[in-house]
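Shown here: target-v8.txt, compact mmCIF, C-alpha atoms.
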```
# COMPACT_ATOMS: atom_id res chain seq x y z
CA MET P 1451 -25.11 3.53 13.42
CA ARG P 1452 -25.08 2.99 17.16
CA GLY P 1453 -25.63 -0.65 18.03
CA ALA P 1454 -25.94 -1.60 14.34
CA PHE P 1455 -23.56 -4.53 14.33
CA THR P 1456 -25.24 -7.92 14.59
CA GLY P 1457 -22.52 -10.12 13.10
CA PRO P 1458 -22.05 -13.80 13.93
CA MET P 1459 -18.74 -13.53 15.80
CA ALA P 1460 -18.69 -14.27 19.51
CA GLY P 1461 -18.51 -11.24 21.75
CA TYR P 1462 -16.06 -10.66 24.57
CA GLY P 1463 -18.79 -10.34 27.16
CA GLU P 1464 -17.45 -6.97 28.31
CA PHE P 1465 -19.12 -3.57 28.46
CA CYS P 1466 -15.82 -1.81 27.70
CA PRO P 1467 -16.08 0.21 24.45
CA VAL P 1468 -12.67 -1.13 23.37
CA ALA P 1469 -14.00 -4.69 23.64
CA LYS P 1470 -17.18 -3.74 21.76
CA ALA P 1471 -15.14 -2.12 18.98
CA MET P 1472 -12.92 -5.19 18.71
CA GLU P 1473 -15.98 -7.37 18.22
CA VAL P 1474 -16.32 -5.57 14.88
CA LEU P 1475 -12.69 -5.02 13.93
CA ASP P 1476 -10.48 -7.84 15.18
CA GLU P 1477 -11.30 -10.54 12.64
CA ARG P 1478 -8.34 -11.36 10.39
CA TRP P 1479 -7.99 -8.94 7.42
CA THR P 1480 -10.82 -6.64 8.56
CA LEU P 1481 -8.69 -3.59 9.37
CA LEU P 1482 -6.61 -4.15 6.24
CA VAL P 1483 -9.80 -3.93 4.18
CA VAL P 1484 -10.61 -0.69 6.00
CA ARG P 1485 -7.06 0.52 5.25
CA GLU P 1486 -7.64 -0.01 1.53
CA LEU P 1487 -10.94 1.83 1.64
CA LEU P 1488 -9.30 4.73 3.48
CA LEU P 1489 -6.62 4.84 0.76
CA GLY P 1490 -9.26 5.30 -1.91
CA SER P 1491 -9.99 1.80 -3.22
CA SER P 1492 -13.69 1.26 -3.77
CA ARG P 1493 -13.91 -1.55 -6.35
CA PHE P 1494 -13.71 -5.20 -5.36
CA ASN P 1495 -10.71 -5.89 -7.63
CA ASP P 1496 -8.81 -2.89 -6.27
CA LEU P 1497 -9.47 -4.05 -2.71
CA ARG P 1498 -7.99 -7.41 -3.73
CA ARG P 1499 -4.92 -5.76 -5.24
CA GLY P 1500 -4.29 -4.08 -1.92
CA ASN P 1501 -4.57 -7.44 -0.13
CA PRO P 1502 -3.32 -9.90 -2.78
CA ARG P 1503 -3.15 -12.87 -0.39
CA MET P 1504 -6.77 -12.51 0.67
CA SER P 1505 -9.17 -14.83 -1.12
CA PRO P 1506 -12.15 -13.32 -2.99
CA THR P 1507 -14.51 -15.36 -0.80
CA LEU P 1508 -13.01 -13.99 2.40
CA LEU P 1509 -13.00 -10.43 1.06
CA SER P 1510 -16.70 -10.73 0.24
CA LYS P 1511 -17.37 -12.04 3.74
CA ARG P 1512 -15.48 -9.21 5.42
CA LEU P 1513 -17.22 -6.58 3.29
CA ARG P 1514 -20.61 -8.01 4.29
CA SER P 1515 -19.61 -7.90 7.96
CA LEU P 1516 -18.48 -4.29 7.63
CA GLU P 1517 -21.77 -3.43 5.91
CA ARG P 1518 -23.74 -4.98 8.76
CA ALA P 1519 -21.62 -3.03 11.23
CA GLY P 1520 -22.45 0.24 9.48
CA VAL P 1521 -18.78 0.83 8.57
CA VAL P 1522 -19.17 0.31 4.80
CA ARG P 1523 -21.94 1.25 2.37
CA ARG P 1524 -22.32 -0.63 -0.91
CA THR P 1525 -23.61 1.13 -4.02
CA GLY P 1526 -24.19 -0.01 -7.60
CA ALA P 1527 -25.43 -3.22 -9.18
CA GLU P 1528 -23.84 -6.65 -8.89
CA GLY P 1529 -20.59 -6.73 -10.86
CA HIS P 1530 -20.32 -2.93 -10.75
CA ALA P 1531 -20.54 -2.41 -7.01
CA ARG P 1532 -18.55 0.19 -5.15
CA TYR P 1533 -17.77 0.07 -1.45
CA LEU P 1534 -17.63 3.37 0.40
CA LEU P 1535 -16.90 4.16 4.02
CA THR P 1536 -19.69 5.59 6.10
CA PRO P 1537 -18.97 8.33 8.67
CA ALA P 1538 -18.35 5.52 11.16
CA GLY P 1539 -15.77 4.04 8.78
CA GLU P 1540 -14.08 7.38 8.11
CA GLU P 1541 -13.72 7.81 11.86
CA LEU P 1542 -11.32 4.85 11.80
CA ARG P 1543 -8.74 6.84 9.82
CA PRO P 1544 -6.72 8.04 12.84
CA VAL P 1545 -6.93 4.52 14.30
CA VAL P 1546 -5.41 2.95 11.17
CA GLU P 1547 -2.82 5.72 10.88
CA ALA P 1548 -1.83 5.27 14.53
CA LEU P 1549 -1.47 1.51 14.03
CA GLY P 1550 0.73 2.13 10.98
CA ALA P 1551 2.93 4.53 12.90
CA TRP P 1552 3.19 2.12 15.81
CA GLY P 1553 4.08 -0.76 13.49
CA THR P 1554 6.71 1.36 11.77
CA ARG P 1555 8.26 2.38 15.06
CA TRP P 1556 8.19 -0.90 16.95
CA VAL P 1557 7.80 -3.82 14.50
CA GLY P 1558 10.65 -3.32 12.07
CA SER P 1559 11.63 -6.85 11.05
CA LEU P 1560 10.56 -8.16 7.64
CA GLY P 1561 10.46 -11.87 6.85
CA GLU P 1562 10.56 -13.30 3.35
CA ALA P 1563 6.79 -13.81 3.45
CA ASP P 1564 6.35 -10.05 3.95
CA LEU P 1565 7.97 -9.20 0.60
CA ASP P 1566 5.50 -8.99 -2.28
CA PRO P 1567 6.25 -7.06 -5.49
CA HIS P 1568 2.55 -6.83 -6.44
CA LEU P 1569 1.63 -5.20 -3.14
CA LEU P 1570 4.70 -2.96 -3.07
CA LEU P 1571 4.15 -1.55 -6.57
CA TRP P 1572 0.42 -1.11 -5.90
CA ASP P 1573 1.20 0.87 -2.75
CA MET P 1574 3.72 3.00 -4.63
CA ARG P 1575 1.21 3.63 -7.41
CA ARG P 1576 -1.40 5.22 -5.18
CA THR P 1577 1.05 7.37 -3.21
CA ILE P 1578 3.20 8.79 -6.02
CA ASP P 1579 3.05 12.57 -6.41
CA VAL P 1580 2.42 12.96 -10.13
CA ALA P 1581 3.17 16.69 -9.87
CA ALA P 1582 6.85 15.78 -9.36
CA TRP P 1583 6.99 13.92 -12.71
CA PRO P 1584 7.58 15.40 -16.18
CA ARG P 1585 4.49 16.52 -18.05
CA GLU P 1586 5.12 14.10 -20.91
CA ARG P 1587 4.56 10.36 -20.59
CA THR P 1588 7.31 8.94 -18.38
CA ALA P 1589 8.16 5.43 -17.26
CA VAL P 1590 10.47 4.01 -14.62
CA ALA P 1591 11.38 0.33 -15.00
CA PHE P 1592 12.31 -1.95 -12.11
CA VAL P 1593 14.47 -5.06 -12.26
CA LEU P 1594 14.17 -6.99 -8.98
CA THR P 1595 17.19 -9.20 -8.56
CA ASP P 1596 16.06 -11.48 -5.70
CA VAL P 1597 12.73 -12.81 -7.01
CA THR P 1598 11.73 -15.34 -9.65
CA PRO P 1599 11.98 -14.08 -13.26
CA ARG P 1600 8.21 -14.04 -13.82
CA VAL P 1601 7.75 -11.28 -11.19
CA SER P 1602 11.11 -9.54 -11.53
CA ARG P 1603 10.28 -6.81 -14.06
CA TRP P 1604 7.85 -3.96 -13.42
CA TRP P 1605 7.10 -0.51 -14.81
CA ILE P 1606 5.49 2.57 -13.31
CA VAL P 1607 4.09 4.84 -16.02
CA VAL P 1608 2.79 8.36 -15.43
CA ARG P 1609 0.80 10.07 -18.17
CA ASP P 1610 -2.00 12.62 -18.18
CA GLY P 1611 -1.86 12.83 -14.39
CA GLN P 1612 -2.53 9.10 -13.96
CA VAL P 1613 -0.25 6.40 -12.53
CA GLU P 1614 -0.22 2.89 -13.98
CA VAL P 1615 1.69 -0.18 -12.81
CA CYS P 1616 2.63 -2.71 -15.51
CA ASP P 1617 4.11 -6.17 -15.21
CA ASP P 1618 4.43 -6.32 -19.02
CA ASP P 1619 6.66 -4.06 -21.07
CA PRO P 1620 4.52 -0.98 -21.93
CA GLY P 1621 6.28 -0.75 -25.30
CA PHE P 1622 8.42 2.36 -24.94
CA VAL P 1623 11.79 3.15 -23.43
CA ALA P 1624 11.85 3.84 -19.70
CA SER P 1625 13.51 7.06 -18.59
CA VAL P 1626 15.35 5.19 -15.81
CA VAL P 1627 15.86 1.52 -14.96
CA VAL P 1628 16.07 0.78 -11.23
CA THR P 1629 17.91 -2.45 -10.47
CA THR P 1630 17.73 -3.64 -6.87
CA PRO P 1631 16.56 -6.53 -4.68
CA LEU P 1632 12.89 -6.47 -3.73
CA ARG P 1633 13.92 -6.32 -0.08
CA THR P 1634 15.94 -3.14 -0.66
CA LEU P 1635 13.13 -1.46 -2.61
CA THR P 1636 10.71 -2.37 0.18
CA LEU P 1637 13.05 -0.94 2.82
CA LEU P 1638 13.44 2.22 0.75
CA TRP P 1639 9.70 2.58 0.43
CA ARG P 1640 9.18 2.07 4.16
CA GLY P 1641 11.90 4.59 5.01
CA ASP P 1642 14.08 2.00 6.76
CA VAL P 1643 16.96 3.03 4.48
CA SER P 1644 17.50 6.19 2.46
CA TRP P 1645 18.02 6.59 -1.27
CA VAL P 1646 21.33 8.31 -0.57
CA GLY P 1647 22.52 5.43 1.60
CA ALA P 1648 21.27 2.69 -0.74
CA LEU P 1649 22.90 4.28 -3.80
CA ARG P 1650 26.14 4.91 -1.94
CA ALA P 1651 26.26 1.28 -0.76
CA GLY P 1652 25.57 -0.04 -4.26
CA ASP P 1653 22.31 -1.67 -3.18
CA VAL P 1654 20.47 0.22 -5.93
CA ALA P 1655 21.66 0.88 -9.47
CA LEU P 1656 20.06 3.54 -11.69
CA ASP P 1657 20.50 3.40 -15.46
CA GLY P 1658 19.48 6.37 -17.58
CA PRO P 1659 20.30 10.02 -18.27
CA GLU P 1660 21.89 11.82 -15.33
CA ASP P 1661 19.06 14.33 -14.89
CA ALA P 1662 16.45 11.56 -14.77
CA ARG P 1663 18.55 9.46 -12.37
CA ARG P 1664 18.78 12.45 -10.07
CA GLU P 1665 14.99 12.84 -10.03
CA VAL P 1666 14.03 9.20 -9.39
CA PRO P 1667 13.94 9.47 -5.56
CA TRP P 1668 11.58 12.44 -5.87
CA TRP P 1669 9.46 10.81 -8.57
CA LEU P 1670 8.92 7.65 -6.52
CA GLY P 1671 8.89 9.19 -3.07
CA GLN P 1672 8.33 7.01 -0.01
CA SER P 1673 5.48 5.59 2.01
CA THR P 1674 3.39 7.90 4.16
CA PHE P 1675 4.94 6.13 7.17
CA ALA P 1676 8.55 6.68 6.04
CA ARG P 1677 8.96 9.79 8.18
CA VAL P 1678 7.78 8.13 11.38
CA PRO P 1679 10.70 8.37 13.85
CA ARG P 1680 11.85 5.02 15.23
CA PRO P 1681 14.33 4.02 17.92
CA GLY P 1682 17.93 3.77 16.76
CA LEU P 1683 17.21 4.94 13.19
CA ALA P 1684 17.91 8.40 11.86
CA PRO P 1685 15.20 9.86 9.59
CA ALA P 1686 15.66 8.76 5.96
CA GLU P 1687 17.32 11.45 3.86
CA GLY P 1688 16.16 11.60 0.26
```

Do you think you could lay out the structure here as structure tokens?
Amino acid sequence: MRGAFTGPMAGYGEFCPVAKAMEVLDERWTLLVVRELLLGSSRFNDLRRGNPRMSPTLLSKRLRSLERAGVVRRTGAEGHARYLLTPAGEELRPVVEALGAWGTRWVGSLGEADLDPHLLLWDMRRTIDVAAWPRERTAVAFVLTDVTPRVSRWWIVVRDGQVEVCDDDPGFVASVVVTTPLRTLTLLWRGDVSWVGALRAGDVALDGPEDARREVPWWLGQSTFARVPRPGLAPAEG
């Protein structure tokens, strides 16, 4: 793939390999598309779910640029295409992971624009350890108290080893209902606060049988970056 990139963006005019790499990677959204591919998304619609504020037109453009750079390989016919990372793309995994750890450690503030229930539930869906859930079909419902009603109710359903996120009632009783602000759920997922602390403070309410309530923190888990140590914050416990 050496020297494969011939994209339209202006170069930095430097021989430095860092500058040459940034000619491929520093366009807006590009590394976030790579992040989604590294997390296992390969279909266009799944890549959009991982970046819900990215327009389809821009996603198509970035995928074409990454193809030209030799980072992504497209397979399948139009309408059924899959996008897979090449060895050059897979080599970006430690780069993306290091950026995530750095962002966790040093960029902790979250504005209102950073809170998105679609993105949060999608991220939870692909990270959940289904082995921690009961063998029978199980659902956890979420009531988000600080968002508009149309995006305030969500369900995570695990059945047959698969995880599904629903924004419509799946039609059966959830084992536990989690009631909390979106901001709190996001902080929990990121590891900025712990389940123990949030429950003790009353920032999260769990409704359901005691044994299921006890298991919810283990069923849902936390982001892969939750255990990253950060200045002035003790590691999240549970």

**Study point:** Spatial neighbours of stretch 1617-1627 of chain P, max dist 6 Å, only C-alpha atoms, sep filter under 4 positions, as a count of residues only
**Key:** 8

Study note, to complete from the structure: Using all atoms listed in the file, the residue out of P:Arg1524, P:Arg1478, P:Arg1609, P:Arg1518 with shortest distance to P:Ser1492 is P:Arg1524

Point to revise | Surrounding residues of P:Leu1534 excluding itself and chain neighbours under 3 positions, 10 Å, only C-alpha atoms, as a PyMOL selection string | key: chain P and resi 1484+1487-1488+1490-1493+1517+1521-1525+1531+1537+1539-1540

Assuming 5 Å of padding per side, give the centre and edge lengths of the axis-aligned box around every listed atom of stretch 1585-1588 of chain P, in Å to one decimal and as AutoDock Vina command-line options.
```
--center_x 5.9 --center_y 12.7 --center_z -19.5 --size_x 12.8 --size_y 17.6 --size_z 12.9
```

Check your understanding: At what distance in Å, to one decimal, does atom CA of P:Leu1571 lie from atom CA of P:Arg1600?
Key -> 15.0 Å
